[in-house]
>>> print(open('final-v2.pdb').read())   # PDB, C-alpha atoms
ATOM      1  CA  MET R   1       2.071  -9.226  30.257
ATOM      2  CA  ASN R   2       5.016  -8.010  28.237
ATOM      3  CA  THR R   3       4.389  -4.909  26.178
ATOM      4  CA  ILE R   4       5.128  -5.009  22.480
ATOM      5  CA  THR R   5       6.045  -2.020  20.360
ATOM      6  CA  TYR R   6       4.454  -1.037  17.083
ATOM      7  CA  THR R   7       7.745  -1.773  15.329
ATOM      8  CA  GLU R   8       7.750  -5.324  16.674
ATOM      9  CA  ILE R   9       4.113  -5.777  15.633
ATOM     10  CA  THR R  10       4.988  -4.661  12.105
ATOM     11  CA  LYS R  11       8.055  -6.889  11.825
ATOM     12  CA  ASN R  12       6.198  -9.893  13.194
ATOM     13  CA  GLY R  13       3.288  -9.500  10.819
ATOM     14  CA  LEU R  14       5.285  -8.850   7.682
ATOM     15  CA  TRP R  15       8.256 -11.156   8.227
ATOM     16  CA  ASN R  16       9.274 -12.694  11.566
ATOM     17  CA  ASN R  17       5.915 -14.363  12.286
ATOM     18  CA  ASN R  18       4.384 -14.282   8.806
ATOM     19  CA  VAL R  19       1.090 -16.145   8.693
ATOM     20  CA  ALA R  20       1.901 -18.109   5.533
ATOM     21  CA  LEU R  21       5.677 -18.524   5.744
ATOM     22  CA  VAL R  22       6.201 -19.109   9.480
ATOM     23  CA  GLN R  23       2.866 -20.081  11.036
ATOM     24  CA  LEU R  24       1.792 -21.950   7.865
ATOM     25  CA  LEU R  25      -1.857 -21.041   8.427
ATOM     26  CA  GLY R  26      -4.523 -20.328   5.840
ATOM     27  CA  LEU R  27      -2.929 -22.616   3.279
ATOM     28  CA  CYS R  28      -6.237 -23.665   1.692
ATOM     29  CA  PRO R  29      -6.983 -20.309  -0.009
ATOM     30  CA  LEU R  30      -3.287 -19.623  -0.380
ATOM     31  CA  LEU R  31      -2.783 -22.687  -2.553
ATOM     32  CA  ALA R  32      -6.186 -22.739  -4.233
ATOM     33  CA  VAL R  33      -6.609 -19.268  -5.715
ATOM     34  CA  THR R  34      -3.058 -18.128  -6.451
ATOM     35  CA  ASN R  35      -2.888 -19.196 -10.080
ATOM     36  CA  SER R  36      -2.639 -15.519 -11.057
ATOM     37  CA  THR R  37      -1.477 -12.263  -9.506
ATOM     38  CA  ILE R  38      -4.928 -10.649  -9.515
ATOM     39  CA  ASN R  39      -6.605 -13.640  -7.868
ATOM     40  CA  GLY R  40      -3.975 -13.602  -5.143
ATOM     41  CA  LEU R  41      -4.378  -9.851  -4.683
ATOM     42  CA  GLY R  42      -8.164 -10.120  -4.413
ATOM     43  CA  MET R  43      -8.033 -12.849  -1.803
ATOM     44  CA  GLY R  44      -5.228 -11.047   0.015
ATOM     45  CA  MET R  45      -7.195  -7.814   0.265
ATOM     46  CA  ALA R  46     -10.270  -9.657   1.567
ATOM     47  CA  THR R  47      -8.198 -11.430   4.224
ATOM     48  CA  LEU R  48      -6.381  -8.207   5.133
ATOM     49  CA  LEU R  49      -9.665  -6.378   5.682
ATOM     50  CA  THR R  50     -11.024  -9.294   7.719
ATOM     51  CA  LEU R  51      -7.987  -9.458  10.001
ATOM     52  CA  THR R  52      -7.947  -5.683  10.540
ATOM     53  CA  LEU R  53     -11.648  -5.311  11.349
ATOM     54  CA  THR R  54     -11.704  -8.473  13.446
ATOM     55  CA  GLY R  55      -8.773  -7.313  15.544
ATOM     56  CA  LEU R  56     -10.432  -3.956  16.175
ATOM     57  CA  ALA R  57     -13.879  -5.389  16.979
ATOM     58  CA  ILE R  58     -12.645  -8.106  19.327
ATOM     59  CA  SER R  59     -10.339  -5.722  21.163
ATOM     60  CA  LEU R  60     -13.241  -3.346  21.759
ATOM     61  CA  ILE R  61     -15.402  -6.035  23.374
ATOM     62  CA  ARG R  62     -12.648  -7.973  25.133
ATOM     63  CA  ASN R  63     -13.671  -6.773  28.604
ATOM     64  CA  TRP R  64     -17.349  -7.728  28.153
ATOM     65  CA  VAL R  65     -16.961 -11.290  26.875
ATOM     66  CA  ARG R  66     -16.755 -14.087  29.412
ATOM     67  CA  PRO R  67     -13.877 -16.543  28.859
ATOM     68  CA  GLU R  68     -16.279 -19.504  28.590
ATOM     69  CA  VAL R  69     -17.988 -18.141  25.472
ATOM     70  CA  ARG R  70     -15.185 -16.147  23.880
ATOM     71  CA  VAL R  71     -14.515 -18.535  20.960
ATOM     72  CA  PRO R  72     -18.167 -18.694  19.748
ATOM     73  CA  VAL R  73     -18.376 -14.917  20.044
ATOM     74  CA  PHE R  74     -15.155 -14.491  18.060
ATOM     75  CA  VAL R  75     -16.459 -16.815  15.331
ATOM     76  CA  ILE R  76     -19.732 -14.889  15.085
ATOM     77  CA  ILE R  77     -17.860 -11.597  14.714
ATOM     78  CA  ILE R  78     -15.538 -13.063  12.079
ATOM     79  CA  ALA R  79     -18.486 -14.540  10.172
ATOM     80  CA  ALA R  80     -20.336 -11.212  10.197
ATOM     81  CA  ILE R  81     -17.299  -9.335   8.859
ATOM     82  CA  VAL R  82     -16.576 -11.939   6.169
ATOM     83  CA  THR R  83     -20.220 -11.963   5.063
ATOM     84  CA  THR R  84     -20.144  -8.186   4.701
ATOM     85  CA  ILE R  85     -16.944  -8.361   2.625
ATOM     86  CA  GLU R  86     -18.403 -11.171   0.504
ATOM     87  CA  LEU R  87     -21.560  -9.184  -0.251
ATOM     88  CA  ALA R  88     -19.505  -6.090  -1.116
ATOM     89  CA  MET R  89     -17.301  -8.076  -3.505
ATOM     90  CA  ASN R  90     -20.365  -9.636  -5.104
ATOM     91  CA  ALA R  91     -21.802  -6.175  -5.674
ATOM     92  CA  TRP R  92     -18.723  -4.260  -6.846
ATOM     93  CA  LEU R  93     -16.268  -6.933  -8.042
ATOM     94  CA  HIS R  94     -18.699  -9.536  -9.308
ATOM     95  CA  ASP R  95     -16.438 -11.170 -11.902
ATOM     96  CA  LEU R  96     -13.592 -11.558  -9.426
ATOM     97  CA  TYR R  97     -16.074 -12.796  -6.835
ATOM     98  CA  LYS R  98     -17.225 -15.546  -9.196
ATOM     99  CA  ILE R  99     -13.614 -16.679  -9.699
ATOM    100  CA  LEU R 100     -12.723 -16.720  -6.001
ATOM    101  CA  GLY R 101     -16.071 -18.330  -5.219
ATOM    102  CA  ILE R 102     -16.370 -20.297  -2.007
ATOM    103  CA  PHE R 103     -12.907 -19.295  -0.812
ATOM    104  CA  ILE R 104     -14.162 -15.862   0.222
ATOM    105  CA  ALA R 105     -16.669 -17.450   2.598
ATOM    106  CA  LEU R 106     -14.016 -19.871   3.838
ATOM    107  CA  ILE R 107     -12.076 -16.963   5.349
ATOM    108  CA  VAL R 108     -14.348 -17.574   8.349
ATOM    109  CA  THR R 109     -12.555 -20.886   8.919
ATOM    110  CA  ASN R 110      -9.099 -19.443   8.245
ATOM    111  CA  CYS R 111      -7.062 -20.426  11.292
ATOM    112  CA  SER R 112      -4.971 -17.273  11.128
ATOM    113  CA  VAL R 113      -7.991 -15.013  11.757
ATOM    114  CA  LEU R 114      -9.165 -16.866  14.857
ATOM    115  CA  ALA R 115      -5.574 -17.310  16.045
ATOM    116  CA  ARG R 116      -4.873 -13.573  16.012
ATOM    117  CA  ALA R 117      -8.220 -12.879  17.669
ATOM    118  CA  GLU R 118      -7.415 -15.262  20.507
ATOM    119  CA  ALA R 119      -3.674 -14.639  20.860
ATOM    120  CA  PHE R 120      -3.516 -10.862  20.425
ATOM    121  CA  ALA R 121      -6.737  -8.911  19.869
ATOM    122  CA  SER R 122      -8.488 -10.274  22.965
ATOM    123  CA  ARG R 123      -5.531  -9.245  25.148
ATOM    124  CA  ASN R 124      -4.561  -5.822  23.807
ATOM    125  CA  LYS R 125      -5.988  -2.358  23.260
ATOM    126  CA  PRO R 126      -7.796  -1.478  19.997
ATOM    127  CA  LEU R 127      -4.974   0.347  18.205
ATOM    128  CA  PRO R 128      -2.303  -2.351  18.671
ATOM    129  CA  ALA R 129      -4.895  -5.038  17.896
ATOM    130  CA  MET R 130      -5.933  -3.324  14.674
ATOM    131  CA  LEU R 131      -2.290  -2.799  13.677
ATOM    132  CA  ASP R 132      -1.510  -6.448  14.387
ATOM    133  CA  GLY R 133      -4.386  -7.572  12.181
ATOM    134  CA  MET R 134      -3.341  -5.178   9.432
ATOM    135  CA  MET R 135       0.296  -6.279   9.461
ATOM    136  CA  MET R 136      -0.602  -9.965   9.591
ATOM    137  CA  GLY R 137      -2.999  -9.395   6.706
ATOM    138  CA  MET R 138      -0.415  -7.503   4.693
ATOM    139  CA  GLY R 139       2.146 -10.243   5.245
ATOM    140  CA  PHE R 140      -0.352 -12.879   4.142
ATOM    141  CA  ALA R 141      -1.452 -10.805   1.133
ATOM    142  CA  ALA R 142       2.169 -10.279   0.073
ATOM    143  CA  VAL R 143       2.725 -14.044  -0.035
ATOM    144  CA  LEU R 144      -0.511 -14.514  -1.992
ATOM    145  CA  VAL R 145       0.569 -11.940  -4.564
ATOM    146  CA  ALA R 146       4.131 -13.271  -4.778
ATOM    147  CA  LEU R 147       2.981 -16.855  -5.238
ATOM    148  CA  GLY R 148       0.334 -15.807  -7.750
ATOM    149  CA  ALA R 149       2.866 -13.797  -9.743
ATOM    150  CA  LEU R 150       5.374 -16.672  -9.700
ATOM    151  CA  ARG R 151       2.825 -19.203 -10.914
ATOM    152  CA  GLU R 152       1.420 -16.854 -13.546
ATOM    153  CA  ILE R 153       4.841 -16.044 -14.982
ATOM    154  CA  ILE R 154       5.955 -19.670 -15.123
ATOM    155  CA  GLY R 155       2.538 -21.003 -16.105
ATOM    156  CA  GLN R 156       1.595 -18.627 -18.909
ATOM    157  CA  GLY R 157       4.391 -16.080 -19.273
ATOM    158  CA  THR R 158       2.313 -13.046 -18.268
ATOM    159  CA  LEU R 159       1.819 -10.745 -15.315
ATOM    160  CA  LEU R 160      -1.356  -8.947 -14.150
ATOM    161  CA  ASP R 161      -3.528 -10.929 -16.530
ATOM    162  CA  GLY R 162      -7.191 -10.173 -15.797
ATOM    163  CA  ALA R 163      -6.458  -6.938 -13.946
ATOM    164  CA  GLU R 164      -9.782  -5.558 -15.171
ATOM    165  CA  LEU R 165     -11.553  -7.992 -12.831
ATOM    166  CA  MET R 166     -10.371  -5.898  -9.901
ATOM    167  CA  PHE R 167      -9.616  -2.454 -11.321
ATOM    168  CA  GLY R 168     -12.254  -2.119 -14.043
ATOM    169  CA  ASP R 169     -12.035  -1.369 -17.740
ATOM    170  CA  MET R 170      -9.096   0.989 -17.321
ATOM    171  CA  ALA R 171      -6.917  -2.036 -16.470
ATOM    172  CA  LYS R 172      -7.605  -4.035 -19.633
ATOM    173  CA  ASN R 173      -4.213  -3.074 -21.049
ATOM    174  CA  TRP R 174      -2.256  -3.727 -17.866
ATOM    175  CA  THR R 175      -1.340  -7.294 -18.829
ATOM    176  CA  LEU R 176       2.414  -7.670 -19.261
ATOM    177  CA  VAL R 177       3.574 -10.361 -21.698
ATOM    178  CA  LEU R 178       6.945 -11.309 -20.273
ATOM    179  CA  ILE R 179       7.592 -14.326 -22.509
ATOM    180  CA  PRO R 180       6.225 -13.849 -26.077
ATOM    181  CA  ASP R 181       4.901 -16.941 -27.873
ATOM    182  CA  TYR R 182       5.134 -18.912 -24.643
ATOM    183  CA  ARG R 183       3.233 -22.203 -24.745
ATOM    184  CA  GLY R 184       2.873 -22.294 -20.975
ATOM    185  CA  PHE R 185       3.796 -24.720 -18.237
ATOM    186  CA  LEU R 186       0.626 -26.350 -16.945
ATOM    187  CA  LEU R 187       2.144 -27.755 -13.738
ATOM    188  CA  ALA R 188       2.673 -24.247 -12.377
ATOM    189  CA  LEU R 189      -1.058 -23.516 -12.656
ATOM    190  CA  LEU R 190      -2.176 -26.774 -11.059
ATOM    191  CA  PRO R 191      -2.311 -27.482  -7.276
ATOM    192  CA  PRO R 192       1.092 -29.252  -7.251
ATOM    193  CA  GLY R 193       2.610 -26.069  -8.668
ATOM    194  CA  ALA R 194       1.181 -24.128  -5.725
ATOM    195  CA  PHE R 195       2.887 -26.455  -3.237
ATOM    196  CA  ILE R 196       6.190 -26.245  -5.101
ATOM    197  CA  GLY R 197       6.001 -22.457  -5.376
ATOM    198  CA  LEU R 198       5.185 -22.003  -1.693
ATOM    199  CA  GLY R 199       8.039 -24.324  -0.770
ATOM    200  CA  LEU R 200      10.452 -22.215  -2.821
ATOM    201  CA  ILE R 201       9.271 -18.994  -1.155
ATOM    202  CA  VAL R 202       9.585 -20.516   2.333
ATOM    203  CA  ALA R 203      13.079 -21.768   1.460
ATOM    204  CA  LEU R 204      14.058 -18.305   0.209
ATOM    205  CA  LYS R 205      12.875 -16.727   3.469
ATOM    206  CA  ASN R 206      14.870 -19.236   5.503
ATOM    207  CA  VAL R 207      18.008 -18.530   3.486
ATOM    208  CA  ILE R 208      17.604 -14.776   3.982
ATOM    209  CA  ASP R 209      16.999 -15.203   7.728
ATOM    210  CA  ARG R 210      20.066 -17.400   8.048
ATOM    211  CA  ARG R 211      22.305 -14.927   6.247
ATOM    212  CA  VAL R 212      20.982 -11.977   8.247
ATOM    213  CA  LYS R 213      21.513 -13.874  11.501
ATOM    214  CA  LYS R 214      25.044 -14.823  10.465
ATOM    215  CA  GLN R 215      25.907 -11.216   9.633
ATOM    216  CA  ALA R 216      24.443 -10.003  12.914
ATOM    217  CA  VAL R 217      26.682 -12.261  15.036
ATOM    218  CA  PRO R 218      29.944 -10.386  15.758
ATOM    219  CA  ILE R 219      33.153 -12.267  15.040
ATOM    220  CA  ALA R 220      35.091 -12.650  18.277
ATOM    221  CA  ALA R 221      38.637 -11.326  17.987
ATOM    222  CA  PRO R 222      41.356 -13.710  19.215
ATOM    223  CA  SER R 223      42.484 -12.785  22.718
ATOM    224  CA  PRO R 224      46.117 -11.601  22.836
ATOM    225  CA  GLN R 225      48.551 -13.973  24.484
ATOM    226  CA  PRO R 226      50.491 -12.487  27.413
ATOM    227  CA  SER R 227      54.168 -11.973  26.621
ATOM    228  CA  PRO R 228      56.517 -13.958  28.866
ATOM    229  CA  LEU R 229      58.588 -12.094  31.394
ATOM    230  CA  LYS R 230      62.350 -12.083  31.244
ATOM    231  CA  GLY R 231      63.842 -15.343  32.416
ATOM    232  CA  GLU R 232      60.571 -17.264  32.055
ATOM    233  CA  GLY R 233      61.243 -18.404  28.510
ATOM    234  CA  VAL R 234      64.157 -20.638  29.531
ATOM    235  CA  ALA R 235      62.234 -22.097  32.453
ATOM    236  CA  VAL R 236      59.215 -22.919  30.292
ATOM    237  CA  SER R 237      61.392 -24.524  27.651
ATOM    238  CA  LEU R 238      63.173 -26.667  30.240
ATOM    239  CA  ARG R 239      59.852 -27.704  31.808
ATOM    240  CA  ASP R 240      58.400 -28.634  28.414
ATOM    241  CA  ALA R 241      61.524 -30.646  27.580
ATOM    242  CA  HIS R 242      61.284 -32.456  30.926
ATOM    243  CA  VAL R 243      57.644 -33.337  30.232
TER     244      VAL R 243
END
>>> encode(input="final-v2.pdb", output="structure tokens")
Amino acid sequence: MNTITYTEITKNGLWNNNVALVQLLGLCPLLAVTNSTINGLGMGMATLLTLTLTGLAISLIRNWVRPEVRVPVFVIIIAAIVTTIELAMNAWLHDLYKILGIFIALIVTNCSVLARAEAFASRNKPLPAMLDGMMMGMGFAAVLVALGALREIIGQGTLLDGAELMFGDMAKNWTLVLIPDYRGFLLALLPPGAFIGLGLIVALKNVIDRRVKKQAVPIAAPSPQPSPLKGEGVAVSLRDAHV
């Protein structure tokens, strides 16, 4: 099995193999809860924690699980971690938990979590597996936050609205009104707006990748033509004329 460096793990998780932009996994919560920056951040942090802990736990038991039962075991571990996170959010971030609702529990069925458990954590040591889960989670959370911010700005002209749901009373004044007296654009806050916003972000990533790839390809310099020897010029000209 080919070894992979920590730098490659980081680049793959954040950009090259981003869960949302490249693998296109976990789109249900991605599109459902990202009508604001804080909602996207809350779901992103829950998914990040799930991916990190799942990668670590599955890597630790990888040598004791028989191949025939590995998927049920992985699902049980994921469900236990998600249930713990759900209970913690219900206890400490109750208002945000009520908004995110069933989508916290649905992290268990998020294809990206099981995919990383099967493709990486079950085949690598604990530290690389935990780093892979963390980077994949951070990449997914970044897209959640970016899409939530985009929809919130276009939909209601604000940023960080409802920050107190996650950060407490000290964040009540964190809301930034970017467009005063803005009447809002409802489409951005509805499910079709989520699809359009995600499509724009994916297109932007593809444009950036294309430009970076184009700049990385060296321009081949034209090869110098050999200068004719003395006496050859007349012979070549006569031969060309004869042809």
>>> atom_distance(input="final-v2.pdb", atom1="CA of Glu152 in chain R", atom2="CA of Phe185 in chain R")
9.5 Å
>>> residues_around(input="final-v2.pdb", residues="Gly44 in chain R", least_positions_apart="2", cutoff="10 Å", atoms="all atoms listed in the file", output="mmCIF file with C-alpha atoms, keeping the file's coordinate frame")
data_model
loop_
_atom_site.group_PDB
_atom_site.id
_atom_site.type_symbol
_atom_site.label_atom_id
_atom_site.label_comp_id
_atom_site.auth_asym_id
_atom_site.auth_seq_id
_atom_site.Cartn_x
_atom_site.Cartn_y
_atom_site.Cartn_z
ATOM 1 C CA PRO R 29 -6.983 -20.309 -0.009
ATOM 2 C CA LEU R 30 -3.287 -19.623 -0.380
ATOM 3 C CA THR R 34 -3.058 -18.128 -6.451
ATOM 4 C CA ILE R 38 -4.928 -10.649 -9.515
ATOM 5 C CA ASN R 39 -6.605 -13.640 -7.868
ATOM 6 C CA GLY R 40 -3.975 -13.602 -5.143
ATOM 7 C CA LEU R 41 -4.378 -9.851 -4.683
ATOM 8 C CA GLY R 42 -8.164 -10.120 -4.413
ATOM 9 C CA ALA R 46 -10.270 -9.657 1.567
ATOM 10 C CA THR R 47 -8.198 -11.430 4.224
ATOM 11 C CA LEU R 48 -6.381 -8.207 5.133
ATOM 12 C CA LEU R 49 -9.665 -6.378 5.682
ATOM 13 C CA THR R 50 -11.024 -9.294 7.719
ATOM 14 C CA GLY R 137 -2.999 -9.395 6.706
ATOM 15 C CA MET R 138 -0.415 -7.503 4.693
ATOM 16 C CA GLY R 139 2.146 -10.243 5.245
ATOM 17 C CA PHE R 140 -0.352 -12.879 4.142
ATOM 18 C CA ALA R 141 -1.452 -10.805 1.133
ATOM 19 C CA ALA R 142 2.169 -10.279 0.073
ATOM 20 C CA VAL R 143 2.725 -14.044 -0.035
ATOM 21 C CA LEU R 144 -0.511 -14.514 -1.992
ATOM 22 C CA VAL R 145 0.569 -11.940 -4.564
#
>>> residues_around(input="final-v2.pdb", residues="Thr54 in chain R", least_positions_apart="4", cutoff="8 Å", atoms="all atoms listed in the file", output="ChimeraX atom specification")
/R:50,58,77-78,81,113,117,130,133
>>> write_last_selection(input="final-v2.pdb", atoms="C-alpha atoms", output="compact mmCIF listing (two decimals), in the frame of the given file")
# COMPACT_ATOMS: atom_id res chain seq x y z
CA THR R 50 -11.02 -9.29 7.72
CA ILE R 58 -12.64 -8.11 19.33
CA ILE R 77 -17.86 -11.60 14.71
CA ILE R 78 -15.54 -13.06 12.08
CA ILE R 81 -17.30 -9.34 8.86
CA VAL R 113 -7.99 -15.01 11.76
CA ALA R 117 -8.22 -12.88 17.67
CA MET R 130 -5.93 -3.32 14.67
CA GLY R 133 -4.39 -7.57 12.18
>>> axis_aligned_box(input="final-v2.pdb", around="range 174-183 of chain R", padding_each_side="6 Å", output="AutoDock Vina command-line options")
--center_x 2.7 --center_y -13.0 --center_z -22.9 --size_x 21.8 --size_y 30.5 --size_z 22.0
>>> atom_distance(input="final-v2.pdb", atom1="CA of Ser36 in chain R", atom2="CA of Ala149 in chain R")
5.9 Å
>>> atom_distance(input="final-v2.pdb", atom1="CA of Ile4 in chain R", atom2="CA of Arg116 in chain R")
14.7 Å
>>> closest_residue(input="final-v2.pdb", among="R:Val19, R:Val73, R:Ile9, R:Val177", to="Ala115 in chain R", atoms="only C-alpha atoms")
R:Val19
>>> closest_residue(input="final-v2.pdb", among="R:Met89, R:Ile107, R:Ile153, R:Val217", to="Met166 in chain R", atoms="all atoms listed in the file")
R:Met89
>>> closest_residue(input="final-v2.pdb", among="R:Val33, R:Ile104, R:Leu56, R:Ala188", to="Arg123 in chain R", atoms="all atoms listed in the file")
R:Leu56
>>> closest_residue(input="final-v2.pdb", among="R:Ala163, R:Ala79, R:Leu60, R:Leu131", to="Thr109 in chain R", atoms="only C-alpha atoms")
R:Ala79
>>> residues_around(input="final-v2.pdb", residues="range 204-215 of chain R", least_positions_apart="4", cutoff="12 Å", atoms="all atoms listed in the file", output="PyMOL selection string")
chain R and resi 14-18+20-22+143+197-200+219
>>> closest_residue(input="final-v2.pdb", among="R:Gln156, R:Leu150, R:Ala32, R:Ile179", to="Gly101 in chain R", atoms="only C-alpha atoms")
R:Ala32
>>> resolve_selection(input="final-v2.pdb", expression="the PyMOL selection byres ((chain R and resi 173) around 10)", output="list in words")
Leu160, Asp161, Gly162, Ala163, Glu164, Asp169, Met170, Ala171, Lys172, Trp174, Thr175 and Leu176 of chain R
>>> residues_around(input="final-v2.pdb", residues="range 62-71 of chain R", least_positions_apart="3", cutoff="8 Å", atoms="all atoms listed in the file", output="count of residues only")
8
